[in-house]
$ cat final35.tsv   # TSV, N, CA and C atoms
chain	number	residue	atom	x	y	z
C	20	MET	N	0.81	-1.19	0.00
C	20	MET	CA	0.00	0.00	0.00
C	20	MET	C	0.86	1.26	0.00
C	21	GLU	N	2.12	1.06	0.24
C	21	GLU	CA	3.01	2.23	0.29
C	21	GLU	C	3.12	2.89	-1.08
C	22	TRP	N	3.13	2.14	-2.17
C	22	TRP	CA	3.22	2.71	-3.52
C	22	TRP	C	2.02	3.57	-3.83
C	23	PHE	N	0.85	3.25	-3.24
C	23	PHE	CA	-0.35	4.05	-3.47
C	23	PHE	C	-0.14	5.49	-3.02
C	24	TRP	N	0.48	5.68	-1.87
C	24	TRP	CA	0.72	7.03	-1.35
C	24	TRP	C	1.70	7.80	-2.24
C	25	TRP	N	2.68	7.08	-2.75
C	25	TRP	CA	3.64	7.75	-3.65
C	25	TRP	C	2.95	8.22	-4.94
C	26	ILE	N	2.08	7.39	-5.47
C	26	ILE	CA	1.34	7.79	-6.68
C	26	ILE	C	0.42	8.95	-6.37
C	27	LEU	N	-0.25	8.91	-5.24
C	27	LEU	CA	-1.15	10.00	-4.85
C	27	LEU	C	-0.37	11.31	-4.67
C	28	ILE	N	0.77	11.27	-4.06
C	28	ILE	CA	1.62	12.46	-3.89
C	28	ILE	C	2.09	12.96	-5.25
C	29	PHE	N	2.43	12.02	-6.14
C	29	PHE	CA	2.86	12.39	-7.49
C	29	PHE	C	1.77	13.19	-8.22
C	30	PHE	N	0.52	12.74	-8.13
C	30	PHE	CA	-0.60	13.45	-8.76
C	30	PHE	C	-0.86	14.79	-8.09
C	31	TRP	N	-0.77	14.86	-6.77
C	31	TRP	CA	-1.00	16.13	-6.05
C	31	TRP	C	0.02	17.19	-6.42
C	32	LEU	N	1.24	16.78	-6.66
C	32	LEU	CA	2.30	17.73	-6.98
C	32	LEU	C	2.31	18.12	-8.48
C	33	GLY	N	1.37	17.60	-9.23
C	33	GLY	CA	1.27	17.98	-10.65
C	33	GLY	C	2.13	17.15	-11.55
C	34	GLY	N	2.53	16.00	-11.14
C	34	GLY	CA	3.38	15.14	-11.95
C	34	GLY	C	2.70	14.67	-13.21
C	35	PHE	N	1.40	14.40	-13.15
C	35	PHE	CA	0.68	13.95	-14.33
C	35	PHE	C	0.63	15.05	-15.39
C	36	ALA	N	0.44	16.31	-14.96
C	36	ALA	CA	0.41	17.42	-15.91
C	36	ALA	C	1.76	17.58	-16.60
C	37	LYS	N	2.82	17.39	-15.86
C	37	LYS	CA	4.16	17.48	-16.43
C	37	LYS	C	4.38	16.37	-17.45
C	38	LEU	N	3.95	15.14	-17.14
C	38	LEU	CA	4.07	14.03	-18.08
C	38	LEU	C	3.24	14.29	-19.34
C	39	ALA	N	2.04	14.81	-19.17
C	39	ALA	CA	1.18	15.10	-20.32
C	39	ALA	C	1.81	16.19	-21.20
C	40	GLU	N	2.38	17.20	-20.58
C	40	GLU	CA	3.03	18.28	-21.33
C	40	GLU	C	4.24	17.76	-22.10
C	41	MET	N	5.01	16.88	-21.49
C	41	MET	CA	6.17	16.30	-22.18
C	41	MET	C	5.71	15.45	-23.37
C	42	GLY	N	4.63	14.71	-23.19
C	42	GLY	CA	4.08	13.91	-24.29
C	42	GLY	C	3.60	14.79	-25.44
C	43	ARG	N	2.90	15.89	-25.12
C	43	ARG	CA	2.42	16.82	-26.15
C	43	ARG	C	3.59	17.44	-26.90
C	44	ALA	N	4.63	17.84	-26.18
C	44	ALA	CA	5.80	18.45	-26.82
C	44	ALA	C	6.49	17.45	-27.75
C	45	ALA	N	6.58	16.19	-27.30
C	45	ALA	CA	7.22	15.18	-28.13
C	45	ALA	C	6.41	14.92	-29.40
C	46	LEU	N	5.09	14.86	-29.28
C	46	LEU	CA	4.25	14.64	-30.45
C	46	LEU	C	4.30	15.84	-31.41
C	47	LYS	N	4.38	17.04	-30.86
C	47	LYS	CA	4.46	18.24	-31.70
C	47	LYS	C	5.77	18.25	-32.50
C	48	THR	N	6.88	17.93	-31.81
C	48	THR	CA	8.18	17.87	-32.49
C	48	THR	C	8.16	16.81	-33.58
C	49	ARG	N	7.58	15.65	-33.28
C	49	ARG	CA	7.49	14.58	-34.27
C	49	ARG	C	6.68	15.01	-35.48
C	50	HIS	N	5.57	15.70	-35.23
C	50	HIS	CA	4.71	16.19	-36.32
C	50	HIS	C	5.45	17.21	-37.18
C	51	GLU	N	6.17	18.14	-36.55
C	51	GLU	CA	6.92	19.15	-37.30
C	51	GLU	C	7.99	18.51	-38.16
C	52	ARG	N	8.68	17.53	-37.62
C	52	ARG	CA	9.74	16.86	-38.40
C	52	ARG	C	9.15	16.07	-39.56
C	53	LYS	N	7.98	15.47	-39.35
C	53	LYS	CA	7.33	14.74	-40.43
C	53	LYS	C	6.91	15.70	-41.54
C	54	LEU	N	6.38	16.87	-41.18
C	54	LEU	CA	6.01	17.88	-42.18
C	54	LEU	C	7.24	18.36	-42.95
C	55	GLU	N	8.36	18.53	-42.25
C	55	GLU	CA	9.61	18.94	-42.92
C	55	GLU	C	10.06	17.89	-43.92
C	56	ARG	N	9.95	16.60	-43.55
C	56	ARG	CA	10.33	15.53	-44.47
C	56	ARG	C	9.43	15.51	-45.70
C	57	ILE	N	8.13	15.70	-45.49
C	57	ILE	CA	7.19	15.73	-46.62
C	57	ILE	C	7.49	16.90	-47.54
C	58	GLU	N	7.77	18.06	-46.96
C	58	GLU	CA	8.10	19.25	-47.76
C	58	GLU	C	9.41	19.04	-48.53
C	59	ALA	N	10.40	18.45	-47.88
C	59	ALA	CA	11.68	18.20	-48.56
C	59	ALA	C	11.49	17.22	-49.71
C	60	GLN	N	10.66	16.21	-49.52
C	60	GLN	CA	10.39	15.24	-50.59
C	60	GLN	C	9.70	15.93	-51.76
C	61	GLY	N	8.75	16.84	-51.48
C	61	GLY	CA	8.08	17.57	-52.54
C	61	GLY	C	9.01	18.49	-53.30
C	62	SER	N	9.88	19.19	-52.59
C	62	SER	CA	10.82	20.08	-53.26
C	62	SER	C	11.84	19.28	-54.07
C	63	LYS	N	12.20	18.10	-53.59
C	63	LYS	CA	13.11	17.24	-54.34
C	63	LYS	C	12.46	16.80	-55.64
C	64	GLN	N	11.17	16.44	-55.58
C	64	GLN	CA	10.45	16.02	-56.79
C	64	GLN	C	10.35	17.16	-57.78
C	65	LEU	N	10.06	18.38	-57.30
C	65	LEU	CA	10.00	19.55	-58.19
C	65	LEU	C	11.35	19.82	-58.84
C	66	ALA	N	12.42	19.70	-58.07
C	66	ALA	CA	13.76	19.92	-58.62
C	66	ALA	C	14.09	18.89	-59.69
C	67	LEU	N	13.69	17.63	-59.49
C	67	LEU	CA	13.92	16.60	-60.50
C	67	LEU	C	13.14	16.89	-61.78
C	68	GLU	N	11.89	17.33	-61.63
C	68	GLU	CA	11.09	17.67	-62.81
C	68	GLU	C	11.68	18.86	-63.55
C	69	GLU	N	12.15	19.86	-62.82
C	69	GLU	CA	12.75	21.04	-63.45
C	69	GLU	C	14.04	20.69	-64.17
C	70	SER	N	14.81	19.75	-63.62
C	70	SER	CA	16.08	19.40	-64.24
C	70	SER	C	15.88	18.66	-65.56
C	71	GLN	N	14.73	18.05	-65.77
C	71	GLN	CA	14.46	17.32	-67.00
C	71	GLN	C	14.01	18.21	-68.15
C	72	LYS	N	13.62	19.47	-67.85
C	72	LYS	CA	13.15	20.38	-68.90
C	72	LYS	C	14.32	20.96	-69.67
C	73	PRO	N	14.15	21.12	-70.99
C	73	PRO	CA	15.21	21.77	-71.76
C	73	PRO	C	15.23	23.26	-71.44
C	74	PRO	N	16.36	23.93	-71.67
C	74	PRO	CA	16.41	25.36	-71.37
C	74	PRO	C	15.51	26.14	-72.32
C	75	GLU	N	14.86	27.18	-71.79
C	75	GLU	CA	13.99	28.02	-72.61
C	75	GLU	C	14.84	29.03	-73.36
C	76	ALA	N	14.48	29.30	-74.59
C	76	ALA	CA	15.22	30.24	-75.42
C	76	ALA	C	14.79	31.67	-75.10
C	77	ILE	N	15.19	32.17	-73.93
C	77	ILE	CA	14.85	33.51	-73.49
C	77	ILE	C	16.11	34.36	-73.49
C	78	CYS	N	16.03	35.53	-74.12
C	78	CYS	CA	17.17	36.44	-74.21
C	78	CYS	C	17.33	37.22	-72.91
C	79	GLY	N	18.42	37.94	-72.78
C	79	GLY	CA	18.64	38.79	-71.62
C	79	GLY	C	17.62	39.90	-71.51
C	80	CYS	N	17.00	40.28	-72.64
C	80	CYS	CA	15.97	41.32	-72.59
C	80	CYS	C	14.64	40.75	-72.11
C	81	GLY	N	14.54	39.43	-71.98
C	81	GLY	CA	13.33	38.80	-71.47
C	81	GLY	C	12.41	38.29	-72.56
C	82	HIS	N	12.79	38.43	-73.81
C	82	HIS	CA	11.96	37.99	-74.91
C	82	HIS	C	12.47	36.67	-75.48
C	83	HIS	N	11.56	35.91	-76.08
C	83	HIS	CA	11.87	34.59	-76.62
C	83	HIS	C	12.68	34.72	-77.91
C	84	LEU	N	13.35	33.64	-78.28
C	84	LEU	CA	14.14	33.60	-79.51
C	84	LEU	C	13.27	33.91	-80.73
C	85	ALA	N	12.00	33.55	-80.68
C	85	ALA	CA	11.10	33.78	-81.81
C	85	ALA	C	10.90	35.27	-82.09
C	86	LYS	N	11.16	36.13	-81.11
C	86	LYS	CA	11.01	37.58	-81.30
C	86	LYS	C	12.25	38.21	-81.92
C	87	HIS	N	13.31	37.45	-82.14
C	87	HIS	CA	14.56	37.95	-82.70
C	87	HIS	C	14.70	37.46	-84.15
C	88	ASP	N	15.31	38.29	-85.00
C	88	ASP	CA	15.54	37.88	-86.38
C	88	ASP	C	16.85	37.09	-86.48
C	89	LYS	N	17.24	36.73	-87.69
C	89	LYS	CA	18.45	35.91	-87.89
C	89	LYS	C	19.71	36.61	-87.41
C	90	GLN	N	19.74	37.95	-87.43
C	90	GLN	CA	20.91	38.69	-86.98
C	90	GLN	C	20.89	38.88	-85.46
C	91	GLY	N	19.80	38.51	-84.79
C	91	GLY	CA	19.73	38.61	-83.34
C	91	GLY	C	19.01	39.84	-82.85
C	92	LYS	N	18.54	40.73	-83.73
C	92	LYS	CA	17.87	41.96	-83.31
C	92	LYS	C	16.45	41.65	-82.86
C	93	CYS	N	16.03	42.24	-81.75
C	93	CYS	CA	14.71	41.99	-81.17
C	93	CYS	C	13.66	42.86	-81.85
C	94	HIS	N	12.49	42.27	-82.13
C	94	HIS	CA	11.40	43.00	-82.79
C	94	HIS	C	10.19	43.15	-81.87
C	95	GLU	N	10.34	42.94	-80.59
C	95	GLU	CA	9.24	43.06	-79.65
C	95	GLU	C	9.08	44.52	-79.22
C	96	LEU	N	7.83	44.93	-78.97
C	96	LEU	CA	7.56	46.28	-78.48
C	96	LEU	C	7.57	46.27	-76.95
C	97	VAL	N	8.19	47.29	-76.36
C	97	VAL	CA	8.25	47.41	-74.90
C	97	VAL	C	7.75	48.79	-74.49
C	98	GLU	N	7.32	48.91	-73.24
C	98	GLU	CA	6.88	50.20	-72.72
C	98	GLU	C	8.07	50.92	-72.11
C	99	VAL	N	8.27	52.17	-72.52
C	99	VAL	CA	9.38	52.99	-72.04
C	99	VAL	C	8.79	54.22	-71.36
C	100	ALA	N	9.29	54.55	-70.17
C	100	ALA	CA	8.79	55.72	-69.44
C	100	ALA	C	9.20	57.00	-70.16
C	101	THR	N	8.25	57.94	-70.27
C	101	THR	CA	8.54	59.22	-70.92
C	101	THR	C	8.29	60.41	-70.01
C	102	ALA	N	7.57	60.20	-68.90
C	102	ALA	CA	7.30	61.30	-67.96
C	102	ALA	C	7.33	60.74	-66.54
C	103	TRP	N	7.85	61.57	-65.61
C	103	TRP	CA	7.98	61.14	-64.22
C	103	TRP	C	7.35	62.17	-63.31
C	104	ASP	N	6.93	61.75	-62.10
C	104	ASP	CA	6.36	62.67	-61.13
C	104	ASP	C	7.47	63.22	-60.23
C	105	ALA	N	7.10	63.93	-59.17
C	105	ALA	CA	8.07	64.56	-58.27
C	105	ALA	C	8.91	63.52	-57.52
C	106	ASP	N	8.37	62.33	-57.32
C	106	ASP	CA	9.10	61.27	-56.61
C	106	ASP	C	9.92	60.41	-57.56
C	107	HIS	N	10.09	60.85	-58.79
C	107	HIS	CA	10.85	60.14	-59.82
C	107	HIS	C	10.24	58.79	-60.16
C	108	LYS	N	8.91	58.69	-60.08
C	108	LYS	CA	8.20	57.49	-60.49
C	108	LYS	C	7.58	57.75	-61.86
C	109	PRO	N	7.68	56.80	-62.78
C	109	PRO	CA	7.12	57.01	-64.12
C	109	PRO	C	5.61	57.11	-64.08
C	110	VAL	N	5.08	58.10	-64.84
C	110	VAL	CA	3.63	58.29	-64.90
C	110	VAL	C	3.12	58.13	-66.33
C	111	LYS	N	3.98	58.22	-67.34
C	111	LYS	CA	3.56	58.10	-68.72
C	111	LYS	C	4.52	57.17	-69.45
C	112	PHE	N	3.94	56.30	-70.27
C	112	PHE	CA	4.73	55.32	-71.00
C	112	PHE	C	4.39	55.39	-72.48
C	113	GLU	N	5.37	55.07	-73.31
C	113	GLU	CA	5.16	54.93	-74.75
C	113	GLU	C	5.74	53.59	-75.19
C	114	ARG	N	5.16	53.02	-76.26
C	114	ARG	CA	5.63	51.74	-76.78
C	114	ARG	C	6.71	51.99	-77.82
C	115	GLU	N	7.85	51.34	-77.63
C	115	GLU	CA	8.98	51.44	-78.55
C	115	GLU	C	9.50	50.04	-78.83
C	116	GLN	N	10.32	49.92	-79.85
C	116	GLN	CA	10.95	48.65	-80.14
C	116	GLN	C	12.03	48.37	-79.10
C	117	CYS	N	12.17	47.11	-78.73
C	117	CYS	CA	13.18	46.70	-77.75
C	117	CYS	C	14.56	47.10	-78.23
C	118	HIS	N	15.41	47.59	-77.32
C	118	HIS	CA	16.74	48.05	-77.67
C	118	HIS	C	17.80	46.96	-77.58
C	119	CYS	N	17.36	45.72	-77.43
C	119	CYS	CA	18.29	44.59	-77.38
C	119	CYS	C	19.08	44.54	-78.68
C	120	GLN	N	20.39	44.40	-78.60
C	120	GLN	CA	21.24	44.41	-79.78
C	120	GLN	C	21.40	43.03	-80.41
C	121	GLN	N	21.41	41.99	-79.57
C	121	GLN	CA	21.64	40.66	-80.10
C	121	GLN	C	21.09	39.64	-79.12
C	122	TYR	N	20.55	38.54	-79.65
C	122	TYR	CA	20.06	37.45	-78.83
C	122	TYR	C	21.22	36.80	-78.10
C	123	VAL	N	21.11	36.66	-76.77
C	123	VAL	CA	22.20	36.09	-75.97
C	123	VAL	C	21.76	34.87	-75.17
C	124	GLY	N	20.55	34.36	-75.44
C	124	GLY	CA	20.03	33.22	-74.70
C	124	GLY	C	20.62	31.90	-75.19
C	125	PRO	N	20.14	30.79	-74.64
C	125	PRO	CA	20.66	29.48	-75.05
C	125	PRO	C	20.25	29.17	-76.48
C	126	GLN	N	21.14	28.55	-77.23
C	126	GLN	CA	20.86	28.18	-78.61
C	126	GLN	C	20.16	26.82	-78.63
C	127	PRO	N	19.12	26.69	-79.43
C	127	PRO	CA	18.48	25.37	-79.55
C	127	PRO	C	19.48	24.35	-80.08
C	128	LEU	N	19.32	23.09	-79.69
C	128	LEU	CA	20.28	22.06	-80.07
C	128	LEU	C	20.39	21.88	-81.58
C	129	SER	N	19.30	22.09	-82.30
C	129	SER	CA	19.36	21.89	-83.75
C	129	SER	C	20.33	22.89	-84.38
C	130	GLN	N	20.50	24.07	-83.83
C	130	GLN	CA	21.42	25.05	-84.38
C	130	GLN	C	22.84	24.82	-83.89
C	131	VAL	N	23.01	24.18	-82.76
C	131	VAL	CA	24.34	23.99	-82.22
C	131	VAL	C	24.97	22.71	-82.77
C	132	TYR	N	24.25	21.61	-82.75
C	132	TYR	CA	24.82	20.31	-83.10
C	132	TYR	C	24.43	19.79	-84.48
C	133	ALA	N	23.35	20.22	-85.04
C	133	ALA	CA	22.88	19.66	-86.31
C	133	ALA	C	23.37	20.50	-87.47
C	134	GLU	N	24.65	20.45	-87.72
C	134	GLU	CA	25.25	21.17	-88.84
C	134	GLU	C	24.87	20.48	-90.15
C	135	ASP	N	24.95	21.20	-91.25
C	135	ASP	CA	24.70	20.58	-92.54
C	135	ASP	C	25.76	19.53	-92.81
C	136	LEU	N	25.34	18.36	-93.29
C	136	LEU	CA	26.27	17.27	-93.51
C	136	LEU	C	26.92	17.33	-94.90
C	137	THR	N	26.27	17.98	-95.86
C	137	THR	CA	26.81	18.04	-97.21
C	137	THR	C	26.82	19.47	-97.69
C	138	ASP	N	27.70	19.79	-98.60
C	138	ASP	CA	27.72	21.10	-99.24
C	138	ASP	C	26.77	21.08	-100.43
C	139	LEU	N	26.00	22.13	-100.57
C	139	LEU	CA	25.05	22.17	-101.70
C	139	LEU	C	25.64	22.83	-102.90
$ encode --input "final35.tsv" --output "structure tokens"
Amino acid sequence: MEWFWWILIFFWLGGFAKLAEMGRAALKTRHERKLERIEAQGSKQLALEESQKPPEAICGCGHHLAKHDKQGKCHELVEVATAWDADHKPVKFEREQCHCQQYVGPQPLSQVYAEDLTDL
């Protein structure tokens, strides 16, 4: 019967609340770590999918290779600021041709590796 008094004293002193709090903290930590693992697995899958995509033919001006002619000059129209307010923020824009001088993006593989095999 002596153990009964020890258990009763343990409950009176709040020992059960301390055990419950430790259990809750352990479960919370376990849950957070599981969520981190799930998130890491998802980001790993996204990285693998991104690595399988071919590079996009985007120039430094932000336009696609299709917007550039054979010499590399860009034919896309862009908005250029023509008037500013007192805080030096643009308030008026006009459309002009892109000032990009030459396409600098990745070359499609057909242009890099598929050279003509015979002279015409």
$ select_by_dssp --input "final35.tsv" --residues "chain C" --states "strand (DSSP E)" --output "list of chain:residue names"
C:Leu96, C:Val97, C:Glu98, C:Val99, C:Ala100, C:Thr101, C:Ala102, C:Trp103, C:Pro109, C:Val110, C:Lys111, C:Phe112, C:Glu113, C:Arg114, C:Glu115, C:Gln116
$ write_last_selection --input "final35.tsv" --atoms "N, CA and C atoms" --output "mmCIF file, keeping the file's coordinate frame"
data_model
loop_
_atom_site.group_PDB
_atom_site.id
_atom_site.type_symbol
_atom_site.label_atom_id
_atom_site.label_comp_id
_atom_site.auth_asym_id
_atom_site.auth_seq_id
_atom_site.Cartn_x
_atom_site.Cartn_y
_atom_site.Cartn_z
ATOM 1 N N LEU C 96 7.830 44.930 -78.970
ATOM 2 C CA LEU C 96 7.560 46.280 -78.480
ATOM 3 C C LEU C 96 7.570 46.270 -76.950
ATOM 4 N N VAL C 97 8.190 47.290 -76.360
ATOM 5 C CA VAL C 97 8.250 47.410 -74.900
ATOM 6 C C VAL C 97 7.750 48.790 -74.490
ATOM 7 N N GLU C 98 7.320 48.910 -73.240
ATOM 8 C CA GLU C 98 6.880 50.200 -72.720
ATOM 9 C C GLU C 98 8.070 50.920 -72.110
ATOM 10 N N VAL C 99 8.270 52.170 -72.520
ATOM 11 C CA VAL C 99 9.380 52.990 -72.040
ATOM 12 C C VAL C 99 8.790 54.220 -71.360
ATOM 13 N N ALA C 100 9.290 54.550 -70.170
ATOM 14 C CA ALA C 100 8.790 55.720 -69.440
ATOM 15 C C ALA C 100 9.200 57.000 -70.160
ATOM 16 N N THR C 101 8.250 57.940 -70.270
ATOM 17 C CA THR C 101 8.540 59.220 -70.920
ATOM 18 C C THR C 101 8.290 60.410 -70.010
ATOM 19 N N ALA C 102 7.570 60.200 -68.900
ATOM 20 C CA ALA C 102 7.300 61.300 -67.960
ATOM 21 C C ALA C 102 7.330 60.740 -66.540
ATOM 22 N N TRP C 103 7.850 61.570 -65.610
ATOM 23 C CA TRP C 103 7.980 61.140 -64.220
ATOM 24 C C TRP C 103 7.350 62.170 -63.310
ATOM 25 N N PRO C 109 7.680 56.800 -62.780
ATOM 26 C CA PRO C 109 7.120 57.010 -64.120
ATOM 27 C C PRO C 109 5.610 57.110 -64.080
ATOM 28 N N VAL C 110 5.080 58.100 -64.840
ATOM 29 C CA VAL C 110 3.630 58.290 -64.900
ATOM 30 C C VAL C 110 3.120 58.130 -66.330
ATOM 31 N N LYS C 111 3.980 58.220 -67.340
ATOM 32 C CA LYS C 111 3.560 58.100 -68.720
ATOM 33 C C LYS C 111 4.520 57.170 -69.450
ATOM 34 N N PHE C 112 3.940 56.300 -70.270
ATOM 35 C CA PHE C 112 4.730 55.320 -71.000
ATOM 36 C C PHE C 112 4.390 55.390 -72.480
ATOM 37 N N GLU C 113 5.370 55.070 -73.310
ATOM 38 C CA GLU C 113 5.160 54.930 -74.750
ATOM 39 C C GLU C 113 5.740 53.590 -75.190
ATOM 40 N N ARG C 114 5.160 53.020 -76.260
ATOM 41 C CA ARG C 114 5.630 51.740 -76.780
ATOM 42 C C ARG C 114 6.710 51.990 -77.820
ATOM 43 N N GLU C 115 7.850 51.340 -77.630
ATOM 44 C CA GLU C 115 8.980 51.440 -78.550
ATOM 45 C C GLU C 115 9.500 50.040 -78.830
ATOM 46 N N GLN C 116 10.320 49.920 -79.850
ATOM 47 C CA GLN C 116 10.950 48.650 -80.140
ATOM 48 C C GLN C 116 12.030 48.370 -79.100
#
$ select_by_dssp --input "final35.tsv" --residues "stretch 31-104 of chain C" --states "alpha helix (DSSP H)" --output "VMD selection string"
chain C and resid 31 34 to 71
$ write_last_selection --input "final35.tsv" --atoms "N, CA and C atoms" --output "CSV table (one decimal), keeping the file's coordinate frame"
chain,number,residue,atom,x,y,z
C,31,TRP,N,-0.8,14.9,-6.8
C,31,TRP,CA,-1.0,16.1,-6.0
C,31,TRP,C,0.0,17.2,-6.4
C,34,GLY,N,2.5,16.0,-11.1
C,34,GLY,CA,3.4,15.1,-12.0
C,34,GLY,C,2.7,14.7,-13.2
C,35,PHE,N,1.4,14.4,-13.2
C,35,PHE,CA,0.7,14.0,-14.3
C,35,PHE,C,0.6,15.0,-15.4
C,36,ALA,N,0.4,16.3,-15.0
C,36,ALA,CA,0.4,17.4,-15.9
C,36,ALA,C,1.8,17.6,-16.6
C,37,LYS,N,2.8,17.4,-15.9
C,37,LYS,CA,4.2,17.5,-16.4
C,37,LYS,C,4.4,16.4,-17.4
C,38,LEU,N,4.0,15.1,-17.1
C,38,LEU,CA,4.1,14.0,-18.1
C,38,LEU,C,3.2,14.3,-19.3
C,39,ALA,N,2.0,14.8,-19.2
C,39,ALA,CA,1.2,15.1,-20.3
C,39,ALA,C,1.8,16.2,-21.2
C,40,GLU,N,2.4,17.2,-20.6
C,40,GLU,CA,3.0,18.3,-21.3
C,40,GLU,C,4.2,17.8,-22.1
C,41,MET,N,5.0,16.9,-21.5
C,41,MET,CA,6.2,16.3,-22.2
C,41,MET,C,5.7,15.4,-23.4
C,42,GLY,N,4.6,14.7,-23.2
C,42,GLY,CA,4.1,13.9,-24.3
C,42,GLY,C,3.6,14.8,-25.4
C,43,ARG,N,2.9,15.9,-25.1
C,43,ARG,CA,2.4,16.8,-26.2
C,43,ARG,C,3.6,17.4,-26.9
C,44,ALA,N,4.6,17.8,-26.2
C,44,ALA,CA,5.8,18.4,-26.8
C,44,ALA,C,6.5,17.4,-27.8
C,45,ALA,N,6.6,16.2,-27.3
C,45,ALA,CA,7.2,15.2,-28.1
C,45,ALA,C,6.4,14.9,-29.4
C,46,LEU,N,5.1,14.9,-29.3
C,46,LEU,CA,4.2,14.6,-30.4
C,46,LEU,C,4.3,15.8,-31.4
C,47,LYS,N,4.4,17.0,-30.9
C,47,LYS,CA,4.5,18.2,-31.7
C,47,LYS,C,5.8,18.2,-32.5
C,48,THR,N,6.9,17.9,-31.8
C,48,THR,CA,8.2,17.9,-32.5
C,48,THR,C,8.2,16.8,-33.6
C,49,ARG,N,7.6,15.6,-33.3
C,49,ARG,CA,7.5,14.6,-34.3
C,49,ARG,C,6.7,15.0,-35.5
C,50,HIS,N,5.6,15.7,-35.2
C,50,HIS,CA,4.7,16.2,-36.3
C,50,HIS,C,5.4,17.2,-37.2
C,51,GLU,N,6.2,18.1,-36.6
C,51,GLU,CA,6.9,19.2,-37.3
C,51,GLU,C,8.0,18.5,-38.2
C,52,ARG,N,8.7,17.5,-37.6
C,52,ARG,CA,9.7,16.9,-38.4
C,52,ARG,C,9.2,16.1,-39.6
C,53,LYS,N,8.0,15.5,-39.4
C,53,LYS,CA,7.3,14.7,-40.4
C,53,LYS,C,6.9,15.7,-41.5
C,54,LEU,N,6.4,16.9,-41.2
C,54,LEU,CA,6.0,17.9,-42.2
C,54,LEU,C,7.2,18.4,-43.0
C,55,GLU,N,8.4,18.5,-42.2
C,55,GLU,CA,9.6,18.9,-42.9
C,55,GLU,C,10.1,17.9,-43.9
C,56,ARG,N,10.0,16.6,-43.6
C,56,ARG,CA,10.3,15.5,-44.5
C,56,ARG,C,9.4,15.5,-45.7
C,57,ILE,N,8.1,15.7,-45.5
C,57,ILE,CA,7.2,15.7,-46.6
C,57,ILE,C,7.5,16.9,-47.5
C,58,GLU,N,7.8,18.1,-47.0
C,58,GLU,CA,8.1,19.2,-47.8
C,58,GLU,C,9.4,19.0,-48.5
C,59,ALA,N,10.4,18.4,-47.9
C,59,ALA,CA,11.7,18.2,-48.6
C,59,ALA,C,11.5,17.2,-49.7
C,60,GLN,N,10.7,16.2,-49.5
C,60,GLN,CA,10.4,15.2,-50.6
C,60,GLN,C,9.7,15.9,-51.8
C,61,GLY,N,8.8,16.8,-51.5
C,61,GLY,CA,8.1,17.6,-52.5
C,61,GLY,C,9.0,18.5,-53.3
C,62,SER,N,9.9,19.2,-52.6
C,62,SER,CA,10.8,20.1,-53.3
C,62,SER,C,11.8,19.3,-54.1
C,63,LYS,N,12.2,18.1,-53.6
C,63,LYS,CA,13.1,17.2,-54.3
C,63,LYS,C,12.5,16.8,-55.6
C,64,GLN,N,11.2,16.4,-55.6
C,64,GLN,CA,10.4,16.0,-56.8
C,64,GLN,C,10.4,17.2,-57.8
C,65,LEU,N,10.1,18.4,-57.3
C,65,LEU,CA,10.0,19.6,-58.2
C,65,LEU,C,11.4,19.8,-58.8
C,66,ALA,N,12.4,19.7,-58.1
C,66,ALA,CA,13.8,19.9,-58.6
C,66,ALA,C,14.1,18.9,-59.7
C,67,LEU,N,13.7,17.6,-59.5
C,67,LEU,CA,13.9,16.6,-60.5
C,67,LEU,C,13.1,16.9,-61.8
C,68,GLU,N,11.9,17.3,-61.6
C,68,GLU,CA,11.1,17.7,-62.8
C,68,GLU,C,11.7,18.9,-63.6
C,69,GLU,N,12.2,19.9,-62.8
C,69,GLU,CA,12.8,21.0,-63.4
C,69,GLU,C,14.0,20.7,-64.2
C,70,SER,N,14.8,19.8,-63.6
C,70,SER,CA,16.1,19.4,-64.2
C,70,SER,C,15.9,18.7,-65.6
C,71,GLN,N,14.7,18.0,-65.8
C,71,GLN,CA,14.5,17.3,-67.0
C,71,GLN,C,14.0,18.2,-68.2
$ residues_around --input "final35.tsv" --residues "C:Arg114" --least-positions-apart "5" --cutoff "5 Å" --atoms "only N, CA and C atoms" --output "list of chain:residue names"
C:Val97, C:Glu98, C:Val99
$ atom_distance --input "final35.tsv" --atom1 "atom CA of C:Glu95" --atom2 "atom N of C:Ser70"
28.8 Å
$ closest_residue --input "final35.tsv" --among "C:Ala59, C:Leu136, C:Ile77, C:Leu67" --to "C:Tyr122" --atoms "only C-alpha atoms"
C:Ile77
$ residues_around --input "final35.tsv" --residues "stretch 79-83 of chain C" --least-positions-apart "3" --cutoff "10 Å" --atoms "only C-alpha atoms" --output "number ranges by chain"
C: 75-76, 86-87, 93-95, 117-124
$ atom_distance --input "final35.tsv" --atom1 "atom C of C:Pro74" --atom2 "atom CA of C:Thr137"
28.5 Å
$ decode --input "final35.tsv" --residues "stretch 110-115 of chain C" --atoms "N, CA and C atoms" --output "PDB file, in the first residue's frame"
ATOM      1  N   VAL C 110       5.084  58.097 -64.835  1.00  0.00           N
ATOM      2  CA  VAL C 110       3.632  58.285 -64.905  1.00  0.00           C
ATOM      3  C   VAL C 110       3.117  58.129 -66.329  1.00  0.00           C
ATOM      4  N   LYS C 111       3.984  58.221 -67.341  1.00  0.00           N
ATOM      5  CA  LYS C 111       3.561  58.099 -68.719  1.00  0.00           C
ATOM      6  C   LYS C 111       4.518  57.167 -69.448  1.00  0.00           C
ATOM      7  N   PHE C 112       3.940  56.297 -70.271  1.00  0.00           N
ATOM      8  CA  PHE C 112       4.728  55.316 -71.001  1.00  0.00           C
ATOM      9  C   PHE C 112       4.392  55.394 -72.483  1.00  0.00           C
ATOM     10  N   GLU C 113       5.369  55.067 -73.312  1.00  0.00           N
ATOM     11  CA  GLU C 113       5.160  54.932 -74.748  1.00  0.00           C
ATOM     12  C   GLU C 113       5.737  53.595 -75.186  1.00  0.00           C
ATOM     13  N   ARG C 114       5.157  53.025 -76.265  1.00  0.00           N
ATOM     14  CA  ARG C 114       5.634  51.738 -76.781  1.00  0.00           C
ATOM     15  C   ARG C 114       6.714  51.990 -77.819  1.00  0.00           C
ATOM     16  N   GLU C 115       7.853  51.342 -77.627  1.00  0.00           N
ATOM     17  CA  GLU C 115       8.975  51.439 -78.553  1.00  0.00           C
ATOM     18  C   GLU C 115       9.502  50.037 -78.827  1.00  0.00           C
TER      19      GLU C 115
END
